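*Asks:* This is entry-v7.txt, which holds compact mmCIF, C-alpha atoms:
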# COMPACT_ATOMS: atom_id res chain seq x y z
CA MET A 204 -5.40 35.93 -32.70
CA SER A 205 -8.35 37.72 -34.28
CA GLN A 206 -9.72 34.48 -35.71
CA GLN A 207 -9.74 32.66 -32.40
CA THR A 208 -12.90 31.56 -30.70
CA THR A 209 -13.43 32.54 -27.10
CA THR A 210 -12.28 29.12 -25.93
CA GLU A 211 -9.20 29.21 -28.12
CA PHE A 212 -8.36 32.67 -26.86
CA GLU A 213 -8.74 31.56 -23.26
CA ASP A 214 -6.51 28.55 -23.91
CA TRP A 215 -3.94 30.78 -25.56
CA LEU A 216 -4.17 33.21 -22.66
CA SER A 217 -3.62 30.44 -20.11
CA ALA A 218 -0.67 29.07 -22.03
CA GLN A 219 0.95 32.49 -22.41
CA LEU A 220 0.41 33.27 -18.74
CA VAL A 221 2.26 30.08 -17.86
CA VAL A 222 5.12 31.15 -20.13
CA LEU A 223 5.09 34.62 -18.64
CA ALA A 224 5.06 33.34 -15.06
CA SER A 225 7.89 30.94 -15.81
CA GLU A 226 10.17 33.96 -16.37
CA ALA A 227 9.95 34.74 -12.66
CA ASP A 228 12.95 34.46 -10.40
CA VAL A 229 11.48 32.18 -7.76
CA SER A 230 14.46 32.03 -5.43
CA GLY A 231 13.33 33.27 -2.06
CA PRO A 232 14.87 34.34 1.22
CA ASP A 233 16.60 30.98 1.42
CA GLY A 234 17.56 31.19 -2.26
CA SER A 235 18.12 34.00 -2.69
CA GLY A 236 17.13 36.34 -5.44
CA TYR A 237 16.66 38.72 -2.56
CA LEU A 238 20.32 39.50 -2.68
CA THR A 239 21.63 41.34 -5.62
CA ARG A 240 24.16 39.24 -7.40
CA ALA A 241 27.60 40.53 -8.21
CA ARG A 242 28.31 40.89 -11.87
CA PRO A 243 30.20 37.96 -13.34
CA ALA A 244 33.23 40.08 -14.09
CA ARG A 245 33.53 40.96 -10.45
CA ILE A 246 32.97 37.52 -9.01
CA ARG A 247 36.54 36.33 -9.34
CA GLN A 248 37.85 39.57 -7.88
CA ARG A 249 35.44 39.27 -5.00
CA ALA A 250 36.29 35.61 -4.46
CA VAL A 251 39.95 36.46 -4.03
CA PHE A 252 39.02 39.29 -1.72
CA LEU A 253 36.74 37.07 0.34
CA ALA A 254 39.29 34.32 0.58
CA ALA A 255 41.84 36.74 1.96
CA ALA A 256 39.34 38.22 4.40
CA ALA A 257 38.19 34.78 5.50
CA ALA A 258 41.76 33.66 6.06
CA PHE A 259 42.41 36.70 8.20
CA ALA A 260 39.17 36.18 10.13
CA ILE A 261 40.01 32.54 10.76
CA LEU A 262 43.41 33.46 12.10
CA ALA A 263 42.00 36.27 14.21
CA GLY A 264 39.19 34.11 15.53
CA PHE A 265 41.58 31.31 16.30
CA ALA A 266 43.88 33.66 18.16
CA LEU A 267 41.04 34.99 20.29
CA SER A 268 39.42 31.69 21.05
CA VAL A 269 42.46 29.56 21.78
CA GLY A 270 42.19 27.87 25.14
CA SER A 271 38.52 28.60 25.58
CA ASP A 272 35.33 26.93 24.50
CA LEU A 273 33.22 29.78 25.82
CA ASP A 274 31.27 32.12 23.55
CA THR A 275 32.54 35.17 25.33
CA SER A 276 35.80 36.26 26.86
CA GLU A 277 37.16 39.39 28.46
CA THR A 278 39.45 41.52 26.37
CA THR A 279 42.21 43.79 27.54
CA SER A 280 40.15 46.86 26.63
CA GLY A 281 37.38 45.91 29.03
CA ALA A 282 34.96 45.00 26.28
CA THR A 283 33.71 41.45 25.94
CA SER A 284 34.62 39.42 22.92
CA VAL A 285 31.72 37.40 21.52
CA ASN A 286 32.30 34.53 19.17
CA LEU A 287 29.38 34.78 16.75
CA VAL A 288 30.19 31.87 14.48
CA ASN A 289 33.18 29.60 14.12
CA SER A 290 35.74 32.20 13.24
CA PHE A 291 34.05 35.52 13.56
CA THR A 292 34.50 37.34 16.85
CA VAL A 293 33.39 40.85 17.69
CA ASP A 294 33.88 43.09 20.70
CA VAL A 295 30.75 44.15 22.57
CA THR A 296 30.06 46.26 25.62
CA GLY A 297 28.82 44.83 28.88
CA ILE A 298 25.32 46.03 28.08
CA GLN A 299 23.07 43.22 26.97
CA ARG A 300 19.52 42.05 27.10
CA ARG A 301 18.04 38.58 26.95
CA GLU A 302 14.93 37.84 24.96
CA ALA A 303 13.46 34.44 24.14
CA GLY A 304 16.77 32.65 24.48
CA THR A 305 18.71 35.26 22.59
CA THR A 306 21.25 37.60 24.10
CA ILE A 307 21.31 40.99 22.44
CA TYR A 308 24.68 42.71 22.66
CA GLN A 309 25.81 46.19 21.74
CA ALA A 310 28.77 46.16 19.38
CA VAL A 311 31.64 48.56 19.92
CA PHE A 312 33.20 50.80 17.33
CA GLY A 313 36.49 50.04 15.70
CA PRO A 314 39.55 52.14 16.55
CA GLU A 315 38.97 55.88 16.31
CA PRO A 316 40.72 57.38 13.29
CA GLN A 317 43.69 59.55 14.19
CA PHE A 318 44.07 60.97 10.70
CA ASP A 319 42.20 63.54 8.61
CA THR A 320 39.14 61.94 7.03
CA SER A 321 37.74 65.15 5.55
CA GLU A 322 38.85 64.18 2.06
CA PHE A 323 36.20 61.43 2.14
CA GLY A 324 33.38 63.88 2.96
CA PRO A 325 30.88 63.48 5.79
CA GLU A 326 30.70 60.08 7.45
CA PHE A 327 27.70 57.84 6.90
CA THR A 328 27.49 57.29 10.62
CA LEU A 329 25.78 54.50 12.47
CA GLU A 330 24.41 55.83 15.73
CA SER A 331 25.14 53.59 18.66
CA ILE A 332 22.04 52.16 20.30
CA ASP A 333 21.54 50.38 23.58
CA PRO A 334 19.95 46.91 23.48
CA ALA A 335 17.11 48.36 25.54
CA GLU A 336 16.26 50.51 22.52
CA PHE A 337 16.05 47.54 20.18
CA VAL A 338 12.56 47.68 18.68
CA VAL A 339 12.62 45.27 15.76
CA PRO A 340 9.95 42.61 16.39
CA THR A 341 11.64 39.36 17.27
CA GLU A 342 9.11 37.28 15.39
CA ARG A 343 10.08 38.92 12.12
CA PHE A 344 13.55 37.44 12.42
CA LEU A 345 12.03 34.01 12.63
CA PHE A 346 10.80 34.41 9.10
CA TRP A 347 14.10 35.38 7.63
CA ASN A 348 16.34 33.16 9.66
CA ARG A 349 14.34 30.07 9.04
CA SER A 350 14.99 28.00 12.12
CA GLN A 351 15.13 30.51 14.93
CA LEU A 352 16.67 33.71 16.11
CA GLY A 353 20.21 32.79 16.95
CA PRO A 354 21.53 32.78 20.51
CA ARG A 355 23.56 35.93 19.91
CA PHE A 356 22.39 39.12 18.26
CA ILE A 357 24.80 42.00 17.84
CA LEU A 358 23.32 45.46 17.56
CA LEU A 359 25.47 47.58 15.28
CA GLY A 360 23.53 50.83 15.40
CA ALA A 361 20.77 52.86 13.83
CA ILE A 362 20.56 55.06 10.78
CA ASP A 363 17.78 56.55 8.65
CA GLY A 364 15.11 55.05 10.90
CA PHE A 365 16.48 51.52 10.74
CA GLN A 366 18.22 49.44 13.35
CA ILE A 367 20.99 47.25 12.03
CA GLY A 368 22.47 44.12 13.51
CA LEU A 369 24.20 40.81 13.03
CA ASN A 370 22.59 37.55 13.96
CA ALA A 371 24.34 34.21 14.21
CA ASN A 372 22.54 30.94 14.17
CA ASP A 373 24.54 27.72 14.01
CA SER A 374 27.22 28.50 11.48
CA ARG A 375 25.21 31.10 9.62
CA LEU A 376 25.67 34.82 9.96
CA CYS A 377 23.15 37.35 8.72
CA VAL A 378 22.88 41.10 8.59
CA PHE A 379 19.49 42.46 9.53
CA LEU A 380 18.01 45.86 9.00
CA GLY A 381 14.63 46.76 10.39
CA ASN A 382 12.36 49.07 12.30
CA ASN A 383 9.47 48.49 14.64
CA THR A 384 7.33 46.95 11.91
CA SER A 385 9.61 45.30 9.40
CA VAL A 386 12.88 43.48 9.11
CA TYR A 387 15.01 42.57 6.13
CA GLY A 388 17.93 40.23 6.09
CA GLY A 389 20.81 39.38 3.87
CA GLY A 390 24.33 38.14 3.79
CA GLU A 391 25.16 34.62 4.73
CA CYS A 392 21.51 33.99 5.49
CA ASP A 393 21.48 32.58 2.02
CA GLN A 394 25.04 31.26 2.12
CA GLN A 395 25.65 32.65 -1.34
CA ASP A 396 27.88 35.61 -1.03
CA GLY A 397 30.31 34.70 1.70
CA ARG A 398 30.54 36.33 5.04
CA SER A 399 32.51 39.35 4.08
CA SER A 400 30.11 41.08 1.81
CA VAL A 401 26.42 41.67 2.15
CA ILE A 402 23.97 43.41 -0.08
CA LEU A 403 20.49 44.25 1.10
CA SER A 404 18.12 44.97 -1.69
CA ASN A 405 14.50 45.50 -1.05
CA ARG A 406 12.00 48.05 -2.20
CA VAL A 407 8.76 47.01 -0.60
CA PRO A 408 6.54 49.99 -1.35
CA SER A 409 4.53 49.68 1.86
CA VAL A 410 7.47 50.03 4.20
CA ASP A 411 7.89 53.45 5.70
CA PRO A 412 10.56 54.61 5.39
CA PRO A 413 11.37 52.68 2.22
CA VAL A 414 14.11 50.15 2.77
CA GLY A 415 16.04 51.01 -0.36
CA LEU A 416 19.34 49.49 -1.35
CA TRP A 417 22.16 48.84 1.09
CA THR A 418 25.54 47.31 0.83
CA GLY A 419 28.05 46.38 3.46
CA TYR A 420 31.19 44.58 4.44
CA VAL A 421 31.09 42.13 7.33
CA GLY A 422 34.16 40.56 8.89
CA LEU A 423 36.58 43.44 8.67
CA PRO A 424 39.94 43.09 10.35
CA SER A 425 39.57 44.24 13.96
CA ARG A 426 42.10 47.04 13.55
CA THR A 427 40.08 48.66 10.75
CA SER A 428 39.32 52.24 11.67
CA VAL A 429 37.83 53.62 8.47
CA VAL A 430 36.25 51.95 5.46
CA VAL A 431 35.80 53.92 2.27
CA ALA A 432 33.34 52.54 -0.26
CA HIS A 433 34.08 53.59 -3.82
CA PHE A 434 31.00 53.28 -6.00
CA GLU A 435 30.95 52.73 -9.74
CA ASP A 436 29.38 56.14 -10.35
CA GLY A 437 32.40 57.81 -8.75
CA SER A 438 30.72 58.61 -5.45
CA VAL A 439 32.37 57.76 -2.16
CA GLN A 440 31.02 56.99 1.31
CA TRP A 441 32.93 56.20 4.45
CA GLN A 442 32.20 54.81 7.86
CA ARG A 443 33.93 53.83 11.07
CA PRO A 444 33.18 50.11 11.58
CA VAL A 445 30.98 48.78 14.34
CA GLY A 446 31.22 45.12 15.18
CA ARG A 447 33.75 44.72 12.36
CA THR A 448 31.01 45.72 9.94
CA VAL A 449 30.15 48.71 7.80
CA ILE A 450 26.95 49.28 5.92
CA PHE A 451 26.11 51.94 3.38
CA ARG A 452 23.08 53.14 1.51
CA ARG A 453 23.54 52.95 -2.21
CA ASN A 454 21.72 53.87 -5.37
CA ASP A 455 21.76 51.61 -8.41
CA SER A 456 25.52 51.97 -8.59
CA GLU A 457 27.47 49.09 -7.06
CA VAL A 458 30.54 49.29 -4.89
CA GLU A 459 33.60 49.11 -7.06
CA ARG A 460 36.01 48.58 -4.18
CA TYR A 461 36.49 49.13 -0.48
CA THR A 462 39.58 50.75 0.99
CA LEU A 463 40.35 49.87 4.60
CA TYR A 464 42.41 52.18 6.82
CA SER A 465 43.95 51.67 10.22
CA SER A 466 43.64 54.38 12.86
CA THR A 467 46.89 55.94 11.65
CA GLY A 468 45.68 56.13 8.08
CA SER A 469 47.68 53.28 6.64
CA ILE A 470 45.88 51.08 4.17
CA ILE A 471 45.02 47.62 5.41
CA VAL A 472 45.14 44.77 2.96
CA PRO A 473 42.72 42.13 4.24
CA MET B 187 5.09 26.87 15.12
CA ASN B 188 3.20 24.62 17.50
CA ASN B 189 -0.03 26.47 17.07
CA SER B 190 -0.79 25.51 13.49
CA PRO B 191 -4.41 26.14 12.67
CA LYS B 192 -7.01 23.63 11.68
CA LEU B 193 -7.59 24.24 8.04
CA THR B 194 -10.74 23.95 6.07
CA THR B 195 -11.23 22.06 2.84
CA GLN B 196 -12.31 23.98 -0.19
CA SER B 197 -12.99 23.40 -3.82
CA GLN B 198 -10.42 21.99 -6.17
CA SER B 199 -8.43 24.34 -8.31
CA ARG B 200 -4.94 24.51 -9.66
CA VAL B 201 -4.06 26.50 -6.57
CA ASP B 202 -5.14 24.39 -3.67
CA LEU B 203 -6.59 26.91 -1.29
CA THR B 204 -6.44 24.40 1.48
CA VAL B 205 -3.30 23.31 3.20
CA GLY B 206 -4.03 19.67 2.90
CA ASP B 207 -7.19 17.79 3.66
CA GLY B 208 -7.75 19.28 7.04
CA ALA B 209 -4.37 18.17 8.29
CA GLU B 210 -2.25 20.54 10.29
CA THR B 211 0.56 22.04 8.24
CA SER B 212 3.47 24.07 9.47
CA PHE B 213 4.34 27.45 8.11
CA ASP B 214 7.60 26.03 6.82
CA GLU B 215 5.83 23.35 4.81
CA PHE B 216 3.41 25.86 3.41
CA PHE B 217 6.23 28.25 2.58
CA ARG B 218 8.24 25.60 0.77
CA ARG B 219 5.24 24.46 -1.20
CA GLU B 220 3.74 27.81 -2.14
CA PHE B 221 6.50 30.38 -2.34
CA ALA B 222 7.55 29.81 -5.94
CA GLN B 223 3.98 29.66 -7.17
CA VAL B 224 3.08 32.91 -5.46
CA VAL B 225 6.14 34.62 -6.94
CA ARG B 226 5.07 33.42 -10.37
CA PHE B 227 1.58 34.74 -9.77
CA ALA B 228 2.99 38.11 -8.71
CA TYR B 229 5.35 38.15 -11.67
CA ALA B 230 2.52 37.42 -14.08
CA MET B 231 0.81 40.51 -12.71
CA THR B 232 3.85 42.79 -12.81
CA ARG B 233 6.52 41.29 -15.06
CA SER B 234 8.98 42.64 -12.53
CA ASN B 235 11.11 40.26 -10.49
CA ALA B 236 11.84 42.95 -7.92
CA GLU B 237 8.22 43.82 -7.41
CA ALA B 238 7.11 40.18 -7.44
CA GLN B 239 9.73 39.21 -4.88
CA ASP B 240 8.99 42.18 -2.67
CA ALA B 241 5.26 41.60 -2.69
CA THR B 242 5.60 37.87 -2.11
CA GLN B 243 8.07 38.21 0.72
CA GLU B 244 5.89 40.81 2.38
CA ALA B 245 2.89 38.50 1.98
CA PHE B 246 4.67 35.57 3.62
CA ALA B 247 6.05 37.76 6.38
CA ARG B 248 2.53 38.92 7.20
CA LEU B 249 1.25 35.38 6.98
CA PHE B 250 3.91 34.25 9.40
CA GLN B 251 2.79 36.79 11.95
CA GLN B 252 -0.84 35.76 11.63
CA TRP B 253 -0.36 32.08 10.90
CA ALA B 254 -2.38 30.85 13.84
CA SER B 255 -5.44 32.83 12.82
CA VAL B 256 -5.42 32.51 9.04
CA ALA B 257 -7.78 29.80 7.79
CA ASN B 258 -6.90 30.15 4.12
CA PRO B 259 -3.19 30.91 3.83
CA ALA B 260 -3.05 30.41 0.06
CA GLY B 261 -5.76 32.97 -0.42
CA PHE B 262 -4.28 35.24 2.23
CA VAL B 263 -0.88 35.53 0.56
CA ARG B 264 -2.44 36.22 -2.82
CA THR B 265 -4.64 38.90 -1.30
CA VAL B 266 -1.59 40.58 0.21
CA VAL B 267 0.32 40.27 -3.05
CA VAL B 268 -2.45 41.95 -5.01
CA ASN B 269 -2.63 44.72 -2.43
CA GLN B 270 1.13 45.19 -2.46
CA ILE B 271 1.50 45.47 -6.18
CA ARG B 272 1.49 48.99 -7.35
CA ASP B 273 -1.40 50.08 -9.49
CA HIS B 274 0.60 51.64 -12.23
CA SER B 275 0.94 50.96 -15.88
CA ARG B 276 4.02 50.05 -17.78
CA HIS B 277 1.90 49.88 -20.87
CA LEU B 278 4.36 51.73 -23.04
CA GLN B 279 7.33 49.52 -22.39
CA VAL B 280 6.69 47.07 -25.17
CA ARG B 281 5.97 49.82 -27.64
CA ARG B 282 9.18 51.61 -26.71
CA ARG B 283 11.06 48.40 -27.16
CA PHE B 284 9.32 47.85 -30.46
CA LEU B 285 10.26 51.30 -31.71
CA SER B 286 13.81 51.05 -30.48
CA ARG B 287 14.58 47.66 -31.96
CA ALA B 288 14.40 48.97 -35.51
CA ASP B 289 17.94 50.20 -35.30
CA LYS B 290 19.17 47.67 -32.75
CA SER B 291 19.32 43.99 -33.43
CA GLU B 292 17.08 43.01 -30.55
CA PRO B 293 15.13 39.77 -30.82
CA ALA B 294 11.59 40.01 -32.09
CA LEU B 295 8.89 40.50 -29.52
CA SER B 296 7.13 37.35 -28.44
CA GLU B 297 3.46 36.70 -27.89
CA THR B 298 4.24 36.81 -24.18
CA ASP B 299 5.65 40.32 -24.60
CA TYR B 300 2.43 41.46 -26.19
CA LEU B 301 0.33 39.74 -23.55
CA ALA B 302 2.34 41.35 -20.74
CA ASP B 303 1.89 44.70 -22.40
CA ALA B 304 -1.84 44.16 -22.82
CA LEU B 305 -2.17 43.07 -19.19
CA SER B 306 -0.39 46.18 -18.01
CA GLY B 307 -3.10 48.20 -19.69
CA LEU B 308 -5.67 46.73 -17.31
CA SER B 309 -6.35 48.08 -13.86
CA LYS B 310 -4.68 46.17 -11.06
CA GLN B 311 -7.94 44.53 -10.02
CA ARG B 312 -8.73 43.37 -13.53
CA ARG B 313 -5.19 42.13 -14.02
CA ALA B 314 -5.58 40.15 -10.83
CA ILE B 315 -8.89 38.72 -12.01
CA VAL B 316 -7.39 37.57 -15.32
CA VAL B 317 -4.28 36.07 -13.78
CA LEU B 318 -6.18 34.36 -10.98
CA ARG B 319 -8.67 32.95 -13.46
CA PHE B 320 -6.44 31.88 -16.30
CA TYR B 321 -3.13 31.25 -14.58
CA GLU B 322 -4.19 30.13 -11.14
CA ARG B 323 -7.35 28.48 -12.53
CA MET B 324 -9.52 29.80 -9.76
CA THR B 325 -13.28 29.99 -9.79
CA VAL B 326 -15.16 33.25 -9.74
CA ASP B 327 -16.09 32.69 -6.11
CA GLU B 328 -12.48 32.03 -5.13
CA ILE B 329 -11.34 35.16 -6.93
CA ALA B 330 -14.07 37.16 -5.24
CA GLN B 331 -12.89 35.88 -1.88
CA ILE B 332 -9.27 36.86 -2.56
CA LEU B 333 -10.11 40.29 -3.90
CA ASN B 334 -12.83 40.82 -1.31
CA VAL B 335 -15.37 41.87 -3.91
CA PRO B 336 -18.77 40.45 -4.90
CA ALA B 337 -18.77 37.59 -7.41
CA GLY B 338 -20.69 39.84 -9.81
CA THR B 339 -17.81 42.30 -9.82
CA VAL B 340 -15.44 39.50 -10.76
CA LYS B 341 -17.73 38.32 -13.57
CA SER B 342 -18.17 41.77 -15.07
CA GLY B 343 -14.48 42.56 -14.61
CA LEU B 344 -13.53 39.33 -16.29
CA SER B 345 -15.84 39.97 -19.20
CA ARG B 346 -14.57 43.50 -19.76
CA SER B 347 -10.97 42.48 -19.34
CA MET B 348 -11.28 39.72 -21.90
CA ARG B 349 -12.91 42.10 -24.33
CA GLN B 350 -10.11 44.61 -23.84
CA LEU B 351 -7.39 42.00 -24.16
CA ARG B 352 -8.87 40.59 -27.35
CA GLU B 353 -9.16 44.08 -28.77
CA VAL B 354 -5.57 44.97 -27.92
CA LEU B 355 -4.13 41.64 -29.00
CA LYS B 356 -6.01 41.13 -32.25
Would you mind writing the structure in this file as structure tokens?
*Replies:*
Amino acid sequence: MSQQTTTEFEDWLSAQLVVLASEADVSGPDGSGYLTRARPARIRQRAVFLAAAAAFAILAGFALSVGSDLDTSETTSGATSVNLVNSFTVDVTGIQRREAGTTIYQAVFGPEPQFDTSEFGPEFTLESIDPAEFVVPTERFLFWNRSQLGPRFILLGAIDGFQIGLNANDSRLCVFLGNNTSVYGGGECDQQDGRSSVILSNRVPSVDPPVGLWTGYVGLPSRTSVVVAHFEDGSVQWQRPVGRTVIFRRNDSEVERYTLYSSTGSIIVP
Amino acid sequence: MNNSPKLTTQSQSRVDLTVGDGAETSFDEFFRREFAQVVRFAYAMTRSNAEAQDATQEAFARLFQQWASVANPAGFVRTVVVNQIRDHSRHLQVRRRFLSRADKSEPALSETDYLADALSGLSKQRRAIVVLRFYERMTVDEIAQILNVPAGTVKSGLSRSMRQLREVLK
């Protein structure tokens, strides 16, 4: 390169910059490189897992929606059952709020565990929030969920300064995590990873608090009381589901497996 | 998006800073057309997919919020991207890789590796100037507009950056 003229160097520079830029992963929120991909070795395992979970969800959704074309129905527990997408139904409380054509519901917790969970350590708990406390700017959802905010938004709870929820639009279901300035989405927004698993991965430096890495499991069996996430580095987190969903903060270590427990402590095989 | 702005026509460059001959363009159209190019621009500045994606997504999210009032969306997103990218140096990465490959059968470093390393030795503003000039093919005035600095600052920054790059890469 030392023998190049200025013009030759500039041409070389332009050409190399094109090569360099072509290395970029250009998949976007619709793509989506935004979601961390599962490692190839785990894809088959996950596919089997998802298929089983989807089959269960279809059966459960079918059972709850038989005889009714309505989006909501009363359940025996007094909660309302909301059909988010074709086969995914969650229980919500009567509290709701309407905003720009969207009804914001508050999801209810799964069954309370009746067994000793101390062996799993402290719970990574989602705090229940009322729809009136929902602060995430609606317009930010429009960016992530390309067409519009869906007609039903399910608030799951709040943790670490973020509010977390599920949004359904047409047949697409997304997990959102945000605060009063920012929102990040993942899951079936990109229709890549199936409904039952979602990984949020974003480290925008300007966001306060930093978003960090999150992972979750959407579409749990309704009777799930406790979900234990076993990470590759040996660490463990657990959570009581809300809206048939759990979500955990993670470091660079991925979830190796989830173990689902009923309220009596028996293991549920999805 | 019914309130799309009237957009102004500007000079020709590889990155068309207009959104199409004065015609109204929706955010969606602009997003589809520009997203990949902006990611590539951000990647050329950082050589980090995570950082490029983060900065680009943040830029488009901000653009979405201000769509009705932004006259130059292509410039706007690049301005946000430059501001989002951290001003840190990963200058030693290539050298570490170079030292470590002696006893590992890693592929030889490419010219692009050396260029990326040399770029990372520049300040963020100078990196932006070089990438906007030689990748995005922008004029000095366009770069000055994006970086919100005088054209003279761009010229002197470009001159010094080129001198430094040639020195490092010779």
*Asks:* How far is it from CA of Arg453 in chain A to CA of Thr292 in chain A, in Å with one decimal?
*Replies:*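 Distance between the two atoms: 27.0 Å.
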*Asks:* At what distance in Å, to one decimal, does CA of Arg319 in chain B lie from CA of Ala238 in chain B?
*Replies:*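 Interatomic distance here is 18.4 Å.
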*Asks:* In Å, how far is it from CA of Thr325 in chain B to CA of Ala337 in chain B?
*Replies:*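 Atom-to-atom, CA of Thr325 in chain B to CA of Ala337 in chain B, that is 9.7 Å.
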*Asks:* Please report as a Markdown table every residue of chain B lying within 6 Å of chain A, along with the nearest atom pair and their distance in Å (one decimal), using all atoms listed in the file.
*Replies:*
| residue | atom | partner | partner_atom | distance |
| --- | --- | --- | --- | --- |
| B:Ala222 | CA | A:Val229 | CA | 4.9 |
| B:Val225 | CA | A:Val229 | CA | 5.9 |
| B:Arg226 | CA | A:Ala224 | CA | 4.7 |
| B:Tyr229 | CA | A:Ala227 | CA | 5.8 |
| B:Ala230 | CA | A:Ala224 | CA | 4.9 |
| B:Asp240 | CA | A:Val407 | CA | 5.3 |
| B:Thr298 | CA | A:Gln219 | CA | 5.7 |
| B:Phe320 | CA | A:Ser217 | CA | 5.0 |
| B:Tyr321 | CA | A:Ser217 | CA | 5.6 |
| B:Lys356 | CA | A:Ser205 | CA | 4.6 |
*Asks:* Which one of B:Arg218, B:Gly343, B:Ser234, B:Leu249 sits closest to Gly261 in chain B if you count all atoms listed in the file?
*Replies:*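 Residue with the minimum atom-to-atom distance to Gly261 in chain B: B:Leu249.
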*Asks:* Check the smallest atom-to-atom distance from each of B:Asp299, B:Asp214, B:Gln331, B:Thr232 to Arg264 in chain B using only C-alpha atoms, then report the winner.
*Replies:*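 Nearest candidate to Arg264 in chain B out of B:Asp299, B:Asp214, B:Gln331, B:Thr232: B:Gln331.
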*Asks:* I'd like to know which of B:Val316, B:Met348, B:Val266, B:Ile271 is closest to Asn334 in chain B, using all atoms listed in the file.
*Replies:*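 The answer is B:Val266, which sits nearest to Asn334 in chain B.
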*Asks:* Considering all atoms listed in the file, state which residue in the set B:Gly307, B:Lys341, B:Ala241, B:Phe216 is at the smallest distance from Asn258 in chain B.
*Replies:*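 With all atoms listed in the file as the atom set, the closest residue is B:Phe216.
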*Asks:* Kindly write range 291-316 of chain A with C-alpha atoms to a file, as a PDB file, in the first residue's frame.
*Replies:*
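Contents of part_8.pdb, as written:
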ATOM      1  CA  PHE A 291     -53.004 -18.986  22.938  1.00  0.00           C
ATOM      2  CA  THR A 292     -55.337 -17.994  25.752  1.00  0.00           C
ATOM      3  CA  VAL A 293     -54.409 -16.317  29.009  1.00  0.00           C
ATOM      4  CA  ASP A 294     -56.349 -15.426  32.132  1.00  0.00           C
ATOM      5  CA  VAL A 295     -56.594 -11.742  33.000  1.00  0.00           C
ATOM      6  CA  THR A 296     -58.239  -9.757  35.745  1.00  0.00           C
ATOM      7  CA  GLY A 297     -61.224  -7.526  35.173  1.00  0.00           C
ATOM      8  CA  ILE A 298     -58.967  -4.478  35.252  1.00  0.00           C
ATOM      9  CA  GLN A 299     -58.336  -3.090  31.812  1.00  0.00           C
ATOM     10  CA  ARG A 300     -57.761   0.117  29.976  1.00  0.00           C
ATOM     11  CA  ARG A 301     -58.453   1.098  26.397  1.00  0.00           C
ATOM     12  CA  GLU A 302     -56.003   3.146  24.398  1.00  0.00           C
ATOM     13  CA  ALA A 303     -56.089   3.872  20.670  1.00  0.00           C
ATOM     14  CA  GLY A 304     -58.106   0.781  19.868  1.00  0.00           C
ATOM     15  CA  THR A 305     -56.095  -1.473  22.115  1.00  0.00           C
ATOM     16  CA  THR A 306     -57.351  -3.028  25.317  1.00  0.00           C
ATOM     17  CA  ILE A 307     -54.660  -3.385  27.938  1.00  0.00           C
ATOM     18  CA  TYR A 308     -55.274  -6.247  30.343  1.00  0.00           C
ATOM     19  CA  GLN A 309     -53.538  -7.301  33.515  1.00  0.00           C
ATOM     20  CA  ALA A 310     -52.429 -10.919  33.411  1.00  0.00           C
ATOM     21  CA  VAL A 311     -52.920 -13.137  36.431  1.00  0.00           C
ATOM     22  CA  PHE A 312     -50.321 -15.338  38.031  1.00  0.00           C
ATOM     23  CA  GLY A 313     -50.225 -19.062  37.550  1.00  0.00           C
ATOM     24  CA  PRO A 314     -51.153 -21.356  40.443  1.00  0.00           C
ATOM     25  CA  GLU A 315     -49.366 -20.560  43.691  1.00  0.00           C
ATOM     26  CA  PRO A 316     -46.731 -23.171  44.519  1.00  0.00           C
TER      27      PRO A 316
END
